[in-house]
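Chemist: One structure coming up, written as structure tokens, with questions to follow.
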Amino acid sequence: MRPTSARFHDNVDKALHDADLQTALHRVDKNFTSRRTAAVTAMPEFEALRDEAVRIKNHTLDHLDLYLEKFEENVTATGGHVHWAATPEDARRIILDLCQAAGARTVTKGKSMIAEEVALNPFLEAHGITPVETDLGEHIIQLADEPPSHIIGPAIHKTKEQVSDLFVAHHAKLGKSERLTEGEDLVAEAREVLRPRYLEADVGITGANFLIAETGTSVIVTNEGNGDLTQQLPRTHIVIASLEKVVPTLEDASTILRVLARSATGQQMSVYTTFSTGPRRAEDPDGPDAYHVVLLDNGRSKLLGNAFRDILRCIRCGACFNHCPVYASIGGHAYGWVYSGPMGAVLTPTMIGIEEAHHLPNATPFCGRCEAVCPMRIPLPKMMRHWREQAFDRKLEPARQRLALRVWAWLARRPALYRRLSGMAVRYLAWRGRPLGRLRDLPFAEGWTAARDLPAPQGRTFSAQWAQRRRGNT
Amino acid sequence: MSAGPRVGLFVTCLVDLFRPTVGFAAVKLLEDAGCSVEVPTAQTCCGQPAYNAGDRRDARAIAANVLRAFEGFEYVVAPSGSCAGMIKRHYPQLFADDPVLGLAAQALAARTWELTAFLVDVLKVSGLAARYDGTVAYHDSCSSLREMNVRDQPRALLAQVDGVELTDIPDGEACCGFGGTFAVKYGDISAQIVGKKAANVARTGADTLVAGDLGCLFNIAGKLHREGATVKVRHVAEILAGMTDDPPIGEA
């Protein structure tokens with residue numbers, strides 16, 4: 001998708017005034033945090049598991065080349081194929097070639113953020129292949145022609161009423177013209193509409209939550225079972241995954257699985273955890289005839305050697321989204337690209353550039369809750385600060401802000417002058433704050449005073465009063 | 001002179017400029033607990049505005065000034081989790097590549113405390129001689145909570161004040177949306193966040209809101225006042241020191 005991150009202020013303004021979005025966000029805010037807390041509190045060894053999960057990923061990243069080669073070796077040994085894609089263009093081209101070789105007209109898709117990252121759907125459509133999203137959330141946003149707004153709940157920004165409207169508008173031509181209002185009925189209708197598509201599809205494309213090196217297995221975690229139908233019914237199964245998804249062993253995957261669902265939705269396990277190894281064997285009752293894994297780099301191998309390496313530990317649980325006050329205020333679309341929330345504020349600039357994305361790591365109060373809940377202990381605020389430093393060095397912030405900062409910093413290094421000038425400013429503000437003890441508006445601080453009062457200073461600075469008290473004592 | 005530890009008070013720029021009462025309350029609490037308190041005149045700010053804006057050079061220059069100003073104190077105490085957190089958690093990173101100042105930053109970090117944590121964990125203060133009649137909600141600032149491990153200490157101290165009935169704010173671990181310059185640069189997002197916090201404060205029915213960080217308090221007080229709420233807002237040190245004669249924050 002074309003990024004709109006540079007127009008962040010406009011995006012935010014729109015989001016804050018979108019009543020449906022605010023209703024939907026309010027729901028996220030309340031549900032996810034309490035469920036995660038309950039799941040984590042119920043598990044005394046959760047902190048130890050986090051440490052172990054971090055250790056596994058760090059070890060894997062230290063030897064990423066080794067484990068990727070091992071993964072490829074084992075995929076090949078079980079009859080599958082691994083394709084290496086350095087760029088999104090490579091990934092799209094490889095997948096198109098595979099689809100065309102399979103004579104595909106429709107492909108079913110399980111939820112995949114990497115497919116979003118490489119903008120796969122529009123590319124397939126442009127080449128006459130119809131992608132059918134089978135995850136309920138993805139189905140909704142495909143109907144709405146919108147990008148996902150949350151990495152685990154792509155349509156979380158939609159209210160039930162909006163979903164009803166979309167279903168009436170798009171399912172009527174399939175004979176479903178009744179406007180349903182109950183969640184369960186909507187799910188049932190989506191299931192009915194999607195079920196025949198699995199059988200029609202020539203290719204099924206899924207993402208992967210893990211790639212297991214020792215067995216050449218890809219793993220998906222879902223709550224709807226759509227992923228299983230997507231990868232088992234069509235004759236060709238294509239997995240698209242980024243290369244940091246690899247872990248050494250089955251045991252390692254199961255360790256990380258124990259923190260994944262708890263952090264994401266507060267479940268102990270997702271409803272379906274599906275392991276796929278190679279194509280169907282002679283003795284298997286079902287499964288695809290061909291199994292392909294497309295491994296995407298898209299700049300990740302560069303991150304291994306720089307200050308953003310830790311983001312490669314991310315397992316896409318969404319806990320940082322669900323605990324972020326900024327995300328809860330503006331939703332995912334305002335971030336202007338595929339990834340949003342705190343992990344997006346760190347990852348997005350690596351992909352679309354800090355010039356385009358400089359607002360994302362800047363627009364946070366550094367509350368640190370993302371890092372506190374991240375199962376992989378990723379220091380998200382620290383990495384946002386790295387980006388802020390790069391944005392500052394490249395002078396991407398408005399000139400007025402930079403100037404104000406430089407003047408203040410210059411003064412802050414000259415205590416005597418700072419004291420004299422700040423003392424004068426404080427007396428002026430205290431005078432302006434009369435008679436209420438607060439200011440309703442203040443030039444150059446509209447960002448503050450548009451929605452809040454500014455408490456006025458008490459009058460004389462502490463340092464002036466302290467100096468006087470000291471003189472009085474001696 | 002007392003025989004207790006020699007403490008350098010890091011006043012913080014917000015307390016210095018906007019609410020000196022908090023500085024005097026901190027001095028009183030420390031002196032009552034037997035400390036000898038000094039206030040180095042060379043201090044201005046901890047440098048967080050520059051550090052958080054990505055201006056590492058200015059942040060280091062200001063931080064180096066703090067390192068010099070607070071050399072030689074047994075402890076450095078700040079009435080703010082945010083400024084104390086900057087010194088304790090971030091100065092060592094800021095000077096990680098400097099063999100001389102790096103060591104000085106680590107040494108200062110090890111001696112730096114947030115006020116209420118210092119009173120409880122180091123000075124073991126008990127039996128505060130203060131009285132405040134009211135239902136008090138304590139707001140956990142993000143820095144106090146997540147950088148400085150301050151949660152129980154201010155509550156333990158408030159429990160020692162006669163007349164205080166303490167309540168918890170729903171979703172208490174959520175940020176108030178202050179974030180320093182964030183509140184002005186991205187004022188619309190900040191306002192949305194503080195709107196939720198103000199609503200949760202109102203939900204407690206408390207007549208007084210306190211916290212250990214003036215930034216959060218100015219933010220929440222500003223929102224409460226704009227919406228016509230009558231909750232009184234004070235820094236926790238004012239209540240603990242019994243220094244509540246001055247009007248609450250944002251009132252006259």
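Residue numbering restarts at 1 in every chain; chains get A, B, ... in the order shown in the structure tokens, and ligands count up from 1 in that same order.
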Given a cut-off of 6 Å, which residues of chain B touch chain A, counting only C-alpha atoms, written out as a CSV table (one decimal) with C-alpha atoms, in the first residue's frame?
Modeler:
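What ended up in part04.csv:
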chain,number,residue,atom,x,y,z
B,16,ASP,CA,11.3,25.0,40.5
B,17,LEU,CA,9.2,27.0,38.1
B,18,PHE,CA,5.6,26.1,38.7
B,19,ARG,CA,5.2,24.7,42.1
B,20,PRO,CA,7.9,25.5,44.7
B,42,ALA,CA,24.0,24.8,39.2
B,44,THR,CA,18.4,23.4,35.9
B,54,GLY,CA,16.4,12.8,19.8
B,62,ILE,CA,22.8,19.1,30.2
B,142,CYS,CA,4.5,5.7,34.1
B,175,CYS,CA,-0.6,6.5,31.0
B,179,GLY,CA,4.8,12.6,27.9
B,182,PHE,CA,4.4,15.1,23.4
B,184,VAL,CA,2.1,19.9,22.9
B,187,GLY,CA,-1.7,17.7,21.7
B,222,GLY,CA,-5.8,20.9,33.4
B,223,LYS,CA,-8.3,18.4,31.9
B,226,ARG,CA,-11.5,22.4,31.7
B,250,GLY,CA,-4.5,25.2,39.0
B,251,GLU,CA,-6.5,26.9,41.7
B,252,ALA,CA,-6.1,30.3,43.4
Chemist: Neighbours of Ala156 of chain B within 10 Å (only C-alpha atoms; same-chain residues fewer than 2 positions away dropped), as a PyMOL selection string?
Modeler: chain B and resi 116+120+125-126+151-154+158-161
Chemist: Could you pull the residues within 10 Å of Gly205 of chain B, counting only C-alpha atoms, minus those fewer than 3 positions along the same chain, as a list in words?
Modeler: Thr135, Val136, Ala137, Thr167, Ile169, Asn200, Val201, Ala202, Thr208 and Val231 of chain B
Chemist: Tell me, in Å to one decimal, how far atom CA of Glu52 of chain A is from atom CA of Ile240 of chain A.
Modeler: 26.5 Å
Chemist: Identify, on the basis of only C-alpha atoms, every residue whose closest approach to Val233 of chain B does not exceed 6 Å; exclude the query and any residue fewer than 3 positions from it along the same chain; express the result as a ChimeraX atom specification.
Modeler: /B:208-210,248-249
Chemist: With C-alpha atoms retained, could you export that selection as a PDB file, in the first residue's frame?
Modeler:
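Written file, again29.pdb:
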ATOM      1  CA  THR B 208      -8.284  14.791  45.948  1.00  0.00           C
ATOM      2  CA  LEU B 209      -5.905  13.445  43.298  1.00  0.00           C
ATOM      3  CA  VAL B 210      -2.212  13.076  44.099  1.00  0.00           C
ATOM      4  CA  PRO B 248      -4.251  23.111  44.967  1.00  0.00           C
ATOM      5  CA  ILE B 249      -2.694  22.886  41.487  1.00  0.00           C
TER       6      ILE B 249
END
Chemist: Within 9 Å of Gly153 of chain A, counting only C-alpha atoms, which residues qualify if same-chain residues fewer than 5 places away don't, as a PyMOL selection string?
Modeler: chain A and resi 137-138+148+318
Chemist: Please identify all polymer residues within 10 Å of Lys176 of chain A, counting only C-alpha atoms, omitting same-chain residues fewer than 3 positions from it, and present them as a PyMOL selection string.
Modeler: chain A and resi 167-173+179-180+189-190+192-193
Chemist: Write the selection just made, keeping C-alpha atoms, as a PDB file, in the first residue's frame?
Modeler:
ATOM      1  CA  PHE A 167     -22.342  -7.943   4.465  1.00  0.00           C
ATOM      2  CA  VAL A 168     -25.652  -6.674   3.077  1.00  0.00           C
ATOM      3  CA  ALA A 169     -23.843  -4.712   0.381  1.00  0.00           C
ATOM      4  CA  HIS A 170     -21.536  -7.553  -0.704  1.00  0.00           C
ATOM      5  CA  HIS A 171     -23.312 -10.792   0.192  1.00  0.00           C
ATOM      6  CA  ALA A 172     -26.665  -9.824  -1.385  1.00  0.00           C
ATOM      7  CA  LYS A 173     -25.447 -10.952  -4.794  1.00  0.00           C
ATOM      8  CA  ARG A 179     -29.493  -7.537   7.365  1.00  0.00           C
ATOM      9  CA  LEU A 180     -28.159  -9.510  10.341  1.00  0.00           C
ATOM     10  CA  GLU A 189     -23.188 -16.018   7.097  1.00  0.00           C
ATOM     11  CA  ALA A 190     -19.485 -15.403   6.464  1.00  0.00           C
ATOM     12  CA  GLU A 192     -21.578 -20.019   4.417  1.00  0.00           C
ATOM     13  CA  VAL A 193     -20.270 -17.538   1.884  1.00  0.00           C
TER      14      VAL A 193
END
Chemist: Which residues, written as a VMD selection string, have at least one atom at most 9 Å from Ser143 of chain B, with only C-alpha atoms counted and residues fewer than 5 positions away on the same chain left out?
Modeler: (chain A and resid 366 to 368) or (chain B and resid 80 to 86 148 to 150 213)
Chemist: Hey, which of B:Ala3, B:Ala61, B:Ala191, B:Ala237 ends up closest to Ala117 of chain B? Count only C-alpha atoms.
Modeler: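 For Ala117 of chain B, the nearest of the given residues is B:Ala237.
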